[in-house]
Each structure stands twice: as C-alpha cells, then as structure tokens.
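One file, protein-v9.csv, is given below (CSV, C-alpha atoms).
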chain,number,residue,atom,x,y,z
J,1,MET,CA,53.0,114.7,-14.5
J,2,GLN,CA,55.3,116.6,-17.0
J,3,ALA,CA,53.6,119.9,-17.6
J,4,SER,CA,52.9,120.6,-21.3
J,5,PRO,CA,53.9,123.9,-23.0
J,6,GLU,CA,50.2,124.8,-22.9
J,7,VAL,CA,50.1,124.3,-19.1
J,8,HIS,CA,53.4,126.4,-18.7
J,9,ALA,CA,51.8,129.1,-20.8
J,10,TRP,CA,48.6,129.0,-18.7
J,11,LEU,CA,50.6,129.3,-15.4
J,12,ASN,CA,52.6,132.2,-16.7
J,13,ALA,CA,49.5,134.0,-17.9
J,14,LEU,CA,47.7,133.4,-14.7
J,15,ALA,CA,50.6,134.6,-12.6
J,16,GLN,CA,50.8,137.8,-14.7
J,17,GLU,CA,47.1,138.4,-14.4
J,18,MET,CA,47.2,138.1,-10.6
J,19,GLY,CA,50.4,140.3,-10.3
J,20,VAL,CA,52.4,137.6,-8.5
J,21,ASP,CA,55.5,135.6,-9.5
J,22,ARG,CA,55.1,132.0,-10.7
J,23,ARG,CA,56.5,130.5,-7.5
J,24,ALA,CA,53.9,132.2,-5.3
J,25,LEU,CA,51.2,131.1,-7.7
J,26,LEU,CA,52.3,127.4,-7.5
J,27,GLN,CA,52.3,127.7,-3.7
J,28,LEU,CA,48.8,129.0,-3.6
J,29,LEU,CA,47.6,126.3,-6.0
J,30,GLY,CA,49.4,123.6,-4.0
J,31,SER,CA,47.7,124.7,-0.7
J,32,GLY,CA,44.3,124.1,-2.2
J,33,GLY,CA,43.7,127.6,-3.5
J,34,ALA,CA,42.5,126.8,-7.0
J,35,ALA,CA,39.1,128.4,-6.4
J,36,ALA,CA,40.6,131.6,-5.0
J,37,VAL,CA,43.0,131.8,-7.9
J,38,LEU,CA,40.3,131.5,-10.5
J,39,MET,CA,38.2,134.1,-8.7
J,40,ALA,CA,41.2,136.4,-8.4
J,41,CYS,CA,41.9,136.5,-12.1
J,42,ASN,CA,39.8,137.4,-15.1
J,43,GLN,CA,39.1,133.8,-15.9
J,44,VAL,CA,42.3,133.0,-17.9
J,45,PRO,CA,41.2,129.8,-19.9
J,46,VAL,CA,42.3,126.6,-18.1
J,47,PRO,CA,43.7,123.9,-20.4
J,48,SER,CA,42.4,120.4,-19.7
J,49,GLU,CA,46.0,119.2,-18.8
J,50,ALA,CA,46.0,121.7,-16.0
J,51,GLN,CA,43.4,119.7,-14.0
J,52,GLU,CA,45.8,116.8,-13.5
J,53,LEU,CA,48.6,119.2,-12.6
J,54,LEU,CA,46.4,120.9,-10.0
J,55,GLY,CA,45.7,117.5,-8.4
J,56,GLU,CA,49.3,116.7,-8.1
J,57,LEU,CA,50.1,120.1,-6.6
J,58,SER,CA,47.4,119.7,-4.0
J,59,ALA,CA,48.7,116.3,-3.1
J,60,THR,CA,52.4,117.2,-2.8
J,61,THR,CA,52.7,120.9,-1.7
J,62,ASP,CA,52.2,122.1,1.9
J,63,THR,CA,52.8,125.8,2.4
J,64,ASP,CA,51.5,126.0,6.0
J,65,GLN,CA,54.1,126.4,8.7
J,66,SER,CA,53.8,125.1,12.2
J,67,PRO,CA,53.7,127.9,14.9
J,68,ALA,CA,56.7,126.2,16.4
J,69,GLN,CA,58.7,127.2,13.3
J,70,SER,CA,57.1,130.6,12.7
J,71,PRO,CA,54.6,132.8,14.4
J,72,PHE,CA,52.6,132.7,11.1
J,73,PHE,CA,51.0,129.8,9.1
J,74,LYS,CA,51.6,131.6,5.8
J,75,ASP,CA,55.0,132.2,4.3
J,76,PRO,CA,56.2,135.6,5.6
J,77,GLU,CA,58.8,136.0,2.9
J,78,PRO,CA,56.8,138.1,0.4
J,79,PHE,CA,55.8,140.6,3.1
J,80,ILE,CA,57.3,143.5,5.0
J,81,LYS,CA,57.5,142.0,8.4
J,82,HIS,CA,56.9,144.5,11.2
J,83,SER,CA,56.7,142.0,14.1
J,84,ASP,CA,55.7,138.4,14.9
J,85,THR,CA,52.1,139.4,14.6
J,86,THR,CA,52.2,141.9,11.7
J,87,LEU,CA,52.9,141.4,8.0
J,88,GLU,CA,52.4,144.2,5.4
J,89,THR,CA,51.6,143.4,1.8
J,90,ARG,CA,54.1,145.0,-0.6
J,91,SER,CA,52.3,147.6,-2.7
J,92,GLU,CA,53.7,146.2,-6.0
J,93,GLN,CA,51.9,142.9,-5.3
J,94,MET,CA,48.5,144.7,-5.1
J,95,GLU,CA,47.5,145.0,-8.7
J,96,GLY,CA,44.9,142.3,-8.7
J,97,PHE,CA,41.2,142.8,-8.1
J,98,ILE,CA,41.1,140.1,-5.4
J,99,THR,CA,44.0,139.8,-2.9
J,100,PRO,CA,45.1,136.1,-2.8
J,101,ASN,CA,45.0,134.6,0.7
J,102,HIS,CA,48.7,134.1,0.9
J,103,LEU,CA,49.3,137.8,0.1
J,104,LEU,CA,46.7,139.3,2.5
J,105,PHE,CA,48.3,141.5,5.2
J,106,VAL,CA,48.3,140.2,8.8
J,107,ARG,CA,47.5,142.4,11.8
J,108,ASN,CA,47.0,140.3,14.9
J,109,ASN,CA,47.4,140.9,18.6
J,110,SER,CA,48.9,137.6,19.4
J,111,VAL,CA,50.6,134.8,17.4
J,112,SER,CA,48.2,133.1,15.1
J,113,LEU,CA,46.0,130.4,16.8
J,114,ASP,CA,45.7,126.8,15.7
J,115,VAL,CA,42.1,126.1,16.6
J,116,ASN,CA,40.4,122.7,16.2
J,117,ALA,CA,37.0,123.4,14.6
J,118,ASP,CA,35.5,120.2,16.1
J,119,ASP,CA,36.1,121.5,19.6
J,120,TRP,CA,35.2,125.1,18.9
J,121,ARG,CA,31.9,126.6,20.0
J,122,LEU,CA,30.2,130.0,19.4
J,123,SER,CA,28.3,131.3,22.4
J,124,ILE,CA,25.7,134.1,22.3
J,125,GLU,CA,24.4,135.5,25.6
J,126,GLY,CA,23.7,138.8,27.4
J,127,ASP,CA,20.8,140.6,29.0
J,128,ALA,CA,19.3,141.5,25.6
J,129,VAL,CA,18.8,137.9,24.3
J,130,ALA,CA,15.9,135.6,25.4
J,131,SER,CA,17.5,132.3,24.5
J,132,PRO,CA,21.3,132.0,24.9
J,133,GLN,CA,22.9,129.8,22.3
J,134,GLU,CA,26.0,127.6,21.9
J,135,ILE,CA,26.6,126.7,18.2
J,136,THR,CA,29.0,124.2,16.8
J,137,TYR,CA,31.1,124.7,13.6
J,138,ARG,CA,29.1,122.1,11.8
J,139,GLU,CA,25.8,123.7,12.8
J,140,LEU,CA,27.1,127.1,11.7
J,141,ARG,CA,28.1,125.8,8.3
J,142,GLN,CA,24.7,124.3,7.7
J,143,MET,CA,22.9,127.6,8.1
J,144,PRO,CA,22.0,129.6,5.0
J,145,GLY,CA,25.2,131.5,3.9
J,146,ARG,CA,25.9,134.8,2.3
J,147,THR,CA,28.8,136.1,0.3
J,148,VAL,CA,30.2,139.6,0.4
J,149,VAL,CA,33.0,141.1,-1.7
J,150,SER,CA,34.7,143.7,0.5
J,151,TYR,CA,38.0,145.3,1.2
J,152,LEU,CA,39.5,144.9,4.7
J,153,GLU,CA,41.8,147.6,6.0
J,154,CYS,CA,43.7,148.2,9.2
J,155,ALA,CA,42.8,151.6,10.8
J,156,GLY,CA,46.5,152.4,10.9
J,157,ASN,CA,47.1,151.8,7.2
J,158,GLN,CA,49.4,154.6,5.8
J,159,ARG,CA,50.3,155.6,9.4
J,160,ALA,CA,53.9,156.1,8.4
J,161,MET,CA,52.8,159.0,6.2
J,162,PHE,CA,52.1,161.2,9.2
J,163,ASP,CA,55.9,161.2,9.6
J,164,LEU,CA,57.0,161.0,6.0
J,165,ILE,CA,54.7,163.7,4.7
J,166,LYS,CA,53.7,165.8,7.7
J,167,GLY,CA,56.8,165.4,9.8
J,168,GLN,CA,55.0,164.2,12.9
J,169,ALA,CA,55.3,160.6,13.8
J,170,ALA,CA,52.4,158.7,15.3
J,171,ASP,CA,52.6,155.7,17.6
J,172,ASP,CA,52.5,152.0,16.7
J,173,THR,CA,53.2,150.0,13.5
J,174,GLN,CA,54.5,152.2,10.8
J,175,TRP,CA,52.4,150.9,8.0
J,176,MET,CA,53.0,152.2,4.5
J,177,THR,CA,50.1,151.4,2.1
J,178,GLY,CA,49.9,147.6,2.4
J,179,ALA,CA,47.6,147.1,5.4
J,180,VAL,CA,44.6,146.5,3.1
J,181,GLY,CA,43.3,143.8,0.8
J,182,ASN,CA,40.2,142.9,-1.2
J,183,GLY,CA,38.5,139.6,-0.6
J,184,ILE,CA,35.4,137.4,-1.2
J,185,TRP,CA,34.0,136.5,2.2
J,186,THR,CA,31.4,133.9,2.9
J,187,GLY,CA,29.6,133.2,6.1
J,188,ILE,CA,26.3,133.8,7.8
J,189,PRO,CA,24.9,137.2,8.7
J,190,LEU,CA,25.6,138.1,12.4
J,191,ARG,CA,21.9,138.9,12.6
J,192,THR,CA,21.1,135.2,12.0
J,193,VAL,CA,22.6,134.0,15.3
J,194,LEU,CA,21.3,137.1,17.1
J,195,GLU,CA,17.7,136.3,16.0
J,196,LEU,CA,18.3,132.6,16.9
J,197,ALA,CA,19.1,133.8,20.4
J,198,GLY,CA,16.0,136.0,20.5
J,199,VAL,CA,17.6,139.4,20.4
J,200,SER,CA,15.3,141.9,22.1
J,201,ALA,CA,14.0,145.3,20.9
J,202,GLU,CA,16.0,146.9,23.7
J,203,ALA,CA,19.3,145.6,22.5
J,204,ALA,CA,21.8,148.5,22.1
J,205,SER,CA,25.3,147.0,21.7
J,206,VAL,CA,26.9,143.7,20.6
J,207,LEU,CA,30.3,142.7,21.9
J,208,LEU,CA,32.4,140.4,19.8
J,209,ILE,CA,35.2,138.5,21.7
J,210,GLY,CA,38.0,136.4,20.2
J,211,MET,CA,39.9,133.4,21.5
J,212,ASP,CA,43.3,135.1,21.4
J,213,THR,CA,43.8,135.3,25.1
J,214,GLU,CA,47.3,136.8,24.7
J,215,SER,CA,45.7,139.9,23.3
J,216,PRO,CA,44.7,142.9,25.4
J,217,GLU,CA,41.7,142.2,27.6
J,218,LYS,CA,42.6,138.4,27.3
J,219,GLY,CA,40.6,138.1,24.1
J,220,TRP,CA,40.3,140.7,21.4
J,221,ARG,CA,37.0,142.5,21.6
J,222,ARG,CA,35.1,145.1,19.8
J,223,ALA,CA,31.6,146.5,20.3
J,224,LEU,CA,29.1,147.1,17.4
J,225,PRO,CA,26.0,149.2,17.7
J,226,ILE,CA,22.9,147.0,17.2
J,227,GLU,CA,22.1,148.6,13.9
J,228,LYS,CA,25.5,147.6,12.4
J,229,ALA,CA,25.2,144.1,14.0
J,230,LEU,CA,21.8,143.6,12.3
J,231,ASP,CA,23.0,144.8,8.9
J,232,PRO,CA,22.7,141.7,6.6
J,233,ASP,CA,26.2,142.3,5.2
J,234,THR,CA,27.8,142.1,8.6
J,235,LEU,CA,29.1,138.6,8.5
J,236,LEU,CA,30.4,135.8,10.6
J,237,ALA,CA,32.8,134.6,7.9
J,238,TYR,CA,34.2,131.1,7.6
J,239,THR,CA,35.7,131.2,4.1
J,240,LEU,CA,37.9,133.7,2.2
J,241,ASN,CA,38.3,133.5,-1.5
J,242,GLY,CA,36.6,130.1,-1.7
J,243,GLU,CA,38.8,128.5,0.9
J,244,ASP,CA,38.3,127.8,4.6
J,245,LEU,CA,39.3,130.9,6.5
J,246,PRO,CA,43.1,130.9,6.8
J,247,ARG,CA,44.5,130.3,10.4
J,248,ASP,CA,46.4,133.6,10.3
J,249,HIS,CA,43.1,135.3,9.6
J,250,GLY,CA,40.9,133.8,12.3
J,251,TYR,CA,40.0,130.2,11.5
J,252,PRO,CA,37.4,128.8,12.1
J,253,LEU,CA,35.3,132.0,12.4
J,254,ARG,CA,35.8,135.8,12.3
J,255,ALA,CA,33.6,138.8,11.9
J,256,MET,CA,33.6,140.7,8.7
J,257,VAL,CA,32.2,144.3,9.1
J,258,PRO,CA,32.4,146.0,5.6
J,259,GLY,CA,33.4,149.6,5.6
J,260,TRP,CA,34.5,149.6,9.2
J,261,VAL,CA,38.1,149.6,10.5
J,262,GLY,CA,39.7,146.2,10.5
J,263,SER,CA,39.8,145.9,14.3
J,264,ALA,CA,36.0,145.5,14.3
J,265,SER,CA,36.3,142.3,12.3
J,266,VAL,CA,37.3,140.2,15.3
J,267,LYS,CA,39.3,137.0,14.5
J,268,TRP,CA,39.0,133.6,16.2
J,269,LEU,CA,35.5,134.6,17.2
J,270,SER,CA,34.0,132.5,20.0
J,271,HIS,CA,31.8,134.7,22.2
J,272,ILE,CA,29.1,137.3,21.5
J,273,VAL,CA,27.4,139.3,24.3
J,274,VAL,CA,24.3,141.4,23.5
J,275,SER,CA,23.5,144.2,26.0
J,276,THR,CA,20.8,146.8,26.5
J,277,GLU,CA,23.7,149.2,27.4
J,278,GLN,CA,26.6,150.5,25.4
J,279,PHE,CA,29.8,148.5,25.8
J,280,TRP,CA,33.0,150.4,26.6
J,281,THR,CA,36.2,148.4,26.3
J,282,ARG,CA,39.9,149.2,25.7
J,283,ASN,CA,39.2,149.2,21.9
J,284,ASN,CA,36.7,152.1,21.9
J,285,THR,CA,38.0,154.1,24.9
J,286,SER,CA,41.8,154.4,24.7
J,287,SER,CA,42.7,152.3,21.6
J,288,TYR,CA,41.1,152.7,18.2
J,289,VAL,CA,40.2,156.2,19.2
J,290,MET,CA,41.1,159.5,17.4
J,291,ILE,CA,43.0,161.4,20.1
J,292,GLY,CA,44.1,164.9,19.4
J,293,ASP,CA,43.2,168.6,19.5
J,294,ASP,CA,40.7,168.2,16.7
J,295,TYR,CA,38.8,165.3,18.3
J,296,ALA,CA,36.5,165.9,21.2
J,297,PRO,CA,36.1,163.0,23.7
J,298,GLU,CA,32.9,160.9,23.3
J,299,GLY,CA,31.2,158.9,26.1
J,300,GLU,CA,33.9,157.1,28.1
J,301,ALA,CA,36.5,157.5,25.3
J,302,LEU,CA,39.6,159.7,25.3
J,303,GLY,CA,38.6,161.0,21.9
J,304,LYS,CA,36.5,160.0,18.9
J,305,PRO,CA,36.0,156.1,18.7
J,306,LEU,CA,36.7,154.7,15.2
J,307,THR,CA,34.0,153.1,13.2
J,308,THR,CA,34.0,153.6,9.4
J,309,GLN,CA,37.2,153.8,7.3
J,310,SER,CA,38.2,156.7,5.1
J,311,ILE,CA,38.4,157.1,1.3
J,312,LYS,CA,41.9,156.4,0.0
J,313,SER,CA,43.9,155.6,-3.1
J,314,ALA,CA,47.4,154.3,-3.7
J,315,LEU,CA,49.7,153.1,-6.5
J,316,ALA,CA,50.7,149.5,-6.9
J,317,LEU,CA,54.4,150.4,-7.0
J,318,PRO,CA,57.3,150.0,-4.6
J,319,TRP,CA,58.0,153.0,-2.4
J,320,PRO,CA,60.1,154.6,-3.7
J,321,ALA,CA,59.7,153.2,-7.2
J,322,ARG,CA,62.3,152.8,-9.9
J,323,LEU,CA,61.2,152.8,-13.5
J,324,ALA,CA,63.0,152.9,-16.9
J,325,GLU,CA,62.6,155.8,-19.2
J,326,GLY,CA,59.6,155.7,-21.5
J,327,SER,CA,55.9,155.0,-21.5
J,328,HIS,CA,54.4,153.0,-18.6
J,329,ARG,CA,50.9,151.8,-17.8
J,330,LEU,CA,50.7,152.3,-14.0
J,331,HIS,CA,48.1,150.7,-11.7
J,332,GLY,CA,46.5,151.4,-8.4
J,333,TYR,CA,43.5,150.9,-6.2
J,334,ALA,CA,41.0,153.1,-4.4
J,335,HIS,CA,38.3,152.5,-1.9
J,336,SER,CA,35.7,154.3,0.2
J,337,PRO,CA,33.4,153.1,3.0
J,338,HIS,CA,30.7,155.5,1.7
J,339,GLY,CA,30.1,154.0,-1.8
J,340,PRO,CA,31.8,153.1,-5.1
J,341,ILE,CA,34.6,155.1,-6.5
J,342,ALA,CA,33.4,157.6,-9.1
J,343,LEU,CA,36.7,159.2,-10.1
J,344,VAL,CA,40.4,158.7,-9.7
J,345,GLU,CA,42.8,161.5,-10.7
J,346,TRP,CA,46.6,161.6,-11.0
J,347,SER,CA,49.2,164.3,-11.1
J,348,ALA,CA,52.9,164.4,-12.0
J,349,ASP,CA,53.5,168.0,-11.1
J,350,SER,CA,52.6,168.2,-7.4
J,351,GLY,CA,48.9,168.7,-8.0
J,352,ALA,CA,49.2,171.7,-10.3
J,353,THR,CA,47.6,169.6,-13.1
J,354,TRP,CA,45.2,166.6,-12.6
J,355,HIS,CA,44.4,164.0,-15.2
J,356,GLU,CA,41.6,161.4,-15.0
J,357,ALA,CA,42.7,157.8,-14.6
J,358,ARG,CA,40.7,154.8,-16.0
J,359,VAL,CA,38.7,153.0,-13.4
J,360,LEU,CA,38.6,149.4,-14.4
J,361,GLU,CA,36.0,146.7,-13.8
J,362,PRO,CA,32.8,147.8,-12.0
J,363,GLN,CA,33.0,147.6,-8.2
J,364,VAL,CA,31.2,144.7,-6.6
J,365,GLN,CA,29.5,145.5,-3.3
J,366,TYR,CA,32.2,146.9,-0.9
J,367,SER,CA,35.2,146.1,-3.0
J,368,TRP,CA,38.0,148.4,-4.0
J,369,ALA,CA,38.3,149.9,-7.5
J,370,ARG,CA,41.3,149.3,-9.6
J,371,PHE,CA,42.6,152.1,-11.8
J,372,GLU,CA,45.3,152.7,-14.4
J,373,PHE,CA,46.9,155.5,-16.4
J,374,ASP,CA,49.6,155.9,-18.9
J,375,TRP,CA,52.6,158.0,-18.0
J,376,ASP,CA,55.5,159.0,-20.3
J,377,ALA,CA,58.4,158.9,-17.8
J,378,ALA,CA,61.4,161.1,-18.5
J,379,ALA,CA,64.8,160.5,-16.7
J,380,GLY,CA,65.0,162.1,-13.3
J,381,GLU,CA,63.2,162.3,-9.9
J,382,HIS,CA,59.4,162.5,-10.0
J,383,THR,CA,56.5,162.5,-7.6
J,384,LEU,CA,53.2,160.9,-8.7
J,385,ILE,CA,50.0,161.7,-6.7
J,386,THR,CA,46.6,160.1,-6.9
J,387,ARG,CA,43.3,161.1,-5.4
J,388,ALA,CA,39.9,159.5,-5.4
J,389,THR,CA,36.3,160.7,-5.2
J,390,ASP,CA,33.3,158.4,-4.4
J,391,VAL,CA,29.8,158.5,-5.7
J,392,GLU,CA,28.7,160.5,-2.6
J,393,GLY,CA,31.1,163.3,-3.4
J,394,ASN,CA,33.7,162.4,-0.8
J,395,MET,CA,37.2,163.3,-2.0
J,396,GLN,CA,40.5,162.7,-0.3
J,397,PRO,CA,41.3,165.8,1.6
J,398,ASP,CA,44.4,167.9,1.0
J,399,GLU,CA,45.2,167.9,4.7
J,400,ILE,CA,44.1,166.0,7.7
J,401,PRO,CA,44.7,166.8,11.4
J,402,PHE,CA,47.2,164.8,13.4
J,403,ASN,CA,46.0,162.1,15.9
J,404,GLU,CA,48.3,160.4,18.4
J,405,LYS,CA,47.8,156.9,17.1
J,406,GLY,CA,48.0,157.7,13.4
J,407,TYR,CA,44.6,156.4,12.3
J,408,LEU,CA,42.8,157.0,9.0
J,409,PHE,CA,45.5,158.9,7.2
J,410,ASN,CA,44.1,159.6,3.7
J,411,GLN,CA,45.7,162.6,2.2
J,412,PRO,CA,46.8,162.1,-1.4
J,413,LEU,CA,50.1,160.3,-1.3
J,414,PRO,CA,53.2,161.9,-3.1
J,415,HIS,CA,54.7,158.7,-4.4
J,416,PRO,CA,58.4,159.1,-5.2
J,417,VAL,CA,59.6,157.6,-8.6
J,418,HIS,CA,63.2,157.5,-9.9
J,419,VAL,CA,63.4,157.2,-13.7
J,420,ALA,CA,66.6,156.2,-15.4
Target format structure tokens, applied to this file:
Amino acid sequence: MQASPEVHAWLNALAQEMGVDRRALLQLLGSGGAAAVLMACNQVPVPSEAQELLGELSATTDTDQSPAQSPFFKDPEPFIKHSDTTLETRSEQMEGFITPNHLLFVRNNSVSLDVNADDWRLSIEGDAVASPQEITYRELRQMPGRTVVSYLECAGNQRAMFDLIKGQAADDTQWMTGAVGNGIWTGIPLRTVLELAGVSAEAASVLLIGMDTESPEKGWRRALPIEKALDPDTLLAYTLNGEDLPRDHGYPLRAMVPGWVGSASVKWLSHIVVSTEQFWTRNNTSSYVMIGDDYAPEGEALGKPLTTQSIKSALALPWPARLAEGSHRLHGYAHSPHGPIALVEWSADSGATWHEARVLEPQVQYSWARFEFDWDAAAGEHTLITRATDVEGNMQPDEIPFNEKGYLFNQPLPHPVHVA
C-alpha cells in the first residue's frame, strides 16, 4: 500500500514519542510488535489507513536473525556491543516509559537459544514438594495469568563508573547506564506452579535453572528464598510488552523477579527445585556477591550475596553529550526497588545547588519514573548531576564503597556535556 500523508505523520509522531528513529519503529512494527508499540507510547491516535499498513509490514518484514548469522536474534546495530552475549542500550534511546523489545539490553551467559516451545517442559521437584510436576507450554499458557510492569536491571549496571568516577576499576563488563529497561511482563505467578506441586511448609529455598548449558554450572541458576518465590508478583513470564518473550530474553519462559538484580530472573527456564535447605551455588557464593572490605561474608558466600537492586537515576543523553547553546528540555529515568520515586533533583554546579525536576506520569507497580527539567545551556564544558529519592526516604548516596565485581553502583552520576 502507498502510505498516505496521514500515515506518514502518524509514524513520525509515534517514533518521536518513543524516542527512536523511524527505521527502528518500522522494524518493530514489522516483527509483530504493534501491541508493544502502542503500550510504549502515550496512545498517539492511529489513523484507519495505518491498519492496512501494519498488516503489510507484518507480512513482509522479518527482523530476526539466525544464530548462524549472529549470536543475537535482534539487530545488534542500535546497541553498544560488549560481547557476543552482551548488548547495552544507548542512554539516548531510553526516554520512553516502556523500553521496546528491540531496544532492551541483553546480558546472557551463552549465545541466545532457539527453543521449540512444543518440545519444552517445565519440571518442578525437590524434597519440599509433595507432587513433582512436568508442565507443557500449552498447559502453562492456559493457567490464570498476571501482568506486572517492572524495570529489569543488571547488577553490574553503571559498573564503569567505579573507574570513571572513583578511579578504581571493577571486574567484568564495563556497563555505562544502559543495562536497564522498563517492561510489561505477563506470565503466571511462580507460586501457582509451586502450589500445584504441593510445596510444603518446610520449604526454604527455590532454585531456578535455565536451559543454557554453555553457562556456568551448565545451566544458569539462581536461588530465591521461599518468601520471594511465593510473592504473587514473582512471575514465570511468557510475554514482554504484549509479544511472546523474545528469544534473546529467554523464550519460551523466564523468571521475572521485580526489584531484584537481573541475574535472579533466570532465562530459558526449564527446571525448578524446591528444598528444605538453603541452596548455595556459584551465583550466590562467588558471583553476584559483594566482595570487599565493607562486606562481611555470609553463609557459604565470599561476601554479601546480592538480592535487591539499588536506587538510581540517569540522564537519557549520550556520554559525553553534545548540545547546542540555548534552552533544552532534558529527560531521564529513576528507579528504586523499595518503592516509587518521590523526588528527582538536578545540579549544574557540581552539587552546590540542587533543583527539583518534574517527575512525569505516575509510576505503575515496579516501573521506573521518567523525569525532565529545562536547562539554559551556555557554551563550554558542563557537568550535570541527578539524584533520586524514593517514598521510603532512600536517596542516592554521595559515596559507596568499592566491591571487586562492581555491583550496585548508584552514586549520583556527573554527566559531562559539551555545549557549542
């Protein structure tokens, strides 16, 4: 179909609303992402002619790549590529309330799997269940579902700042600010399958195991305390932003553990073990553990095992940013595992003076909060800083102690800006 001027105007408005270019928007629509697009924007009116265009796009555009051509199924071009298993979202593409699937960061421990849902099974067993289960994908999708809006963040997000700001480099992927995204997750509560298996009152720990056998321990695994596993918002997710879970993000099923570090949200989930004893694995003894002088060892761990995330804020600008002289409306995002964001402040004078930013639409469940402020930029070199406070009174700290693996960095970020 020849797109009308009205359709062209709609596409341009939608791309601007989502903070992506038109090409990326067309790719998302063509891959069947119309539902996610409409949820990710503020409901830009859709002209009737667009329905036919969407049909043509869905029939003719294929953005998935074979693993033989790329280690990813999504197009890696818009990202900062750290490795064949890691893609960082560029901060300037993070203005939207919902992160589109094709722009969500990737942090895997093997190349993405291509799993046939018809052959897939979820098994639940262990000494704390009375009736071990094996559930098919179809059976799972027929169970009563639940939707949670939540940000997802790698524990190492902002790790590079230990070096850039504090002058002490930490190990592993040098994430800037783009290992986080906000999504609409639908699935079934983990407690549903645990109750189906007859979880006992003596249950203490739930181990989630993925199918990615190239990962450490031959399948990524993470233990949850029974209290977190039974939380109704701890999901076994099968859709993201209205689409089947993308293959780079764990299709056909992954855990979604709101507020916890991303490594707990195990991808390509296939095996759940429930025990009356605490599970100790690589990922809560030597990895995903805060190791350093300020962190005493706990249990069998070398330090403090990671659970909840930390409060953070960041600007949706390149690092460093380049802006023209004059007035600018700048945007950013803030999030906390402890509750909604109550206040975001910004400073252009190294924290000597703080100004209140405008927090935009009300936060939904565990989502991040978008904020904006107006800045009159004069020519020269500048540093902008933001800091967030949540409703529980948690504020980003001025300083945090170093840990060897660079987890949970959340000092206010001095964002360099060149104005000319």
>> Could you check the closest approach to Glu202 (chain J) for each of J:Ala169, J:Leu152, J:Leu413, J:Glu277 and tell me which residue wins, using only C-alpha atoms?
In response: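 Smallest distance to Glu202 (chain J) is found for J:Glu277.
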>> Residues near region 319-321 of chain J, anyone? I mean within 9 Å using only C-alpha atoms, not counting same-chain ones fewer than 4 positions away, as a list in words.
In response: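 So the residues in contact are Ser91, Glu92, Met176, His415, Pro416, Val417, His418 and Val419 of chain J.
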Please produce, as a Markdown table, a per-residue contact table for region 103-192 of chain J versus region 387-404 of chain J (criterion: any atom at most 12 Å away, only C-alpha atoms considered), showing the nearest atom pair and its distance in Å to one decimal, sorted by chain then residue number.
| residue | atom | partner | partner_atom | distance |
| --- | --- | --- | --- | --- |
| J:Gly156 | CA | J:Asn403 | CA | 10.9 |
| J:Arg159 | CA | J:Asn403 | CA | 10.1 |
| J:Met161 | CA | J:Phe402 | CA | 10.8 |
| J:Phe162 | CA | J:Phe402 | CA | 7.4 |
| J:Asp163 | CA | J:Phe402 | CA | 10.2 |
| J:Ile165 | CA | J:Glu399 | CA | 10.4 |
| J:Lys166 | CA | J:Phe402 | CA | 8.7 |
| J:Gly167 | CA | J:Phe402 | CA | 10.3 |
| J:Gln168 | CA | J:Phe402 | CA | 7.8 |
| J:Ala169 | CA | J:Glu404 | CA | 8.4 |
| J:Ala170 | CA | J:Glu404 | CA | 5.4 |
| J:Asp171 | CA | J:Glu404 | CA | 6.4 |
| J:Asp172 | CA | J:Glu404 | CA | 9.5 |
> In file coordinates, which residues lie within 9 Å of (49.6, 148.9, -7.6) using all atoms listed in the file, given as a PyMOL selection string?
Replying inline: chain J and resi 91-96+314-318+330-333+370-372
Restrict the calculation to all atoms listed in the file, then for each residue of region 321-413 of chain J with any atom at most 12 Å from an atom of region 98-115 of chain J give the closest atom pair and their distance in Å to one decimal, rows by chain and rising residue number, as CSV.
residue,atom,partner,partner_atom,distance
J:Tyr333,CA,J:Ile98,CA,11.1
J:Glu361,CA,J:Ile98,CA,11.8
J:Gln363,CA,J:Ile98,CA,11.4
J:Val364,CA,J:Ile98,CA,11.0
J:Ser367,CA,J:Ile98,CA,8.8
J:Trp368,CA,J:Ile98,CA,9.0
J:Ala369,CA,J:Ile98,CA,10.4
J:Arg370,CA,J:Ile98,CA,10.1
>> Which residue is closest to Leu408 (chain J)? Choose from J:Ala128, J:Ala179, J:Ala201, J:Leu323 and count all atoms listed in the file.
In response: J:Ala179
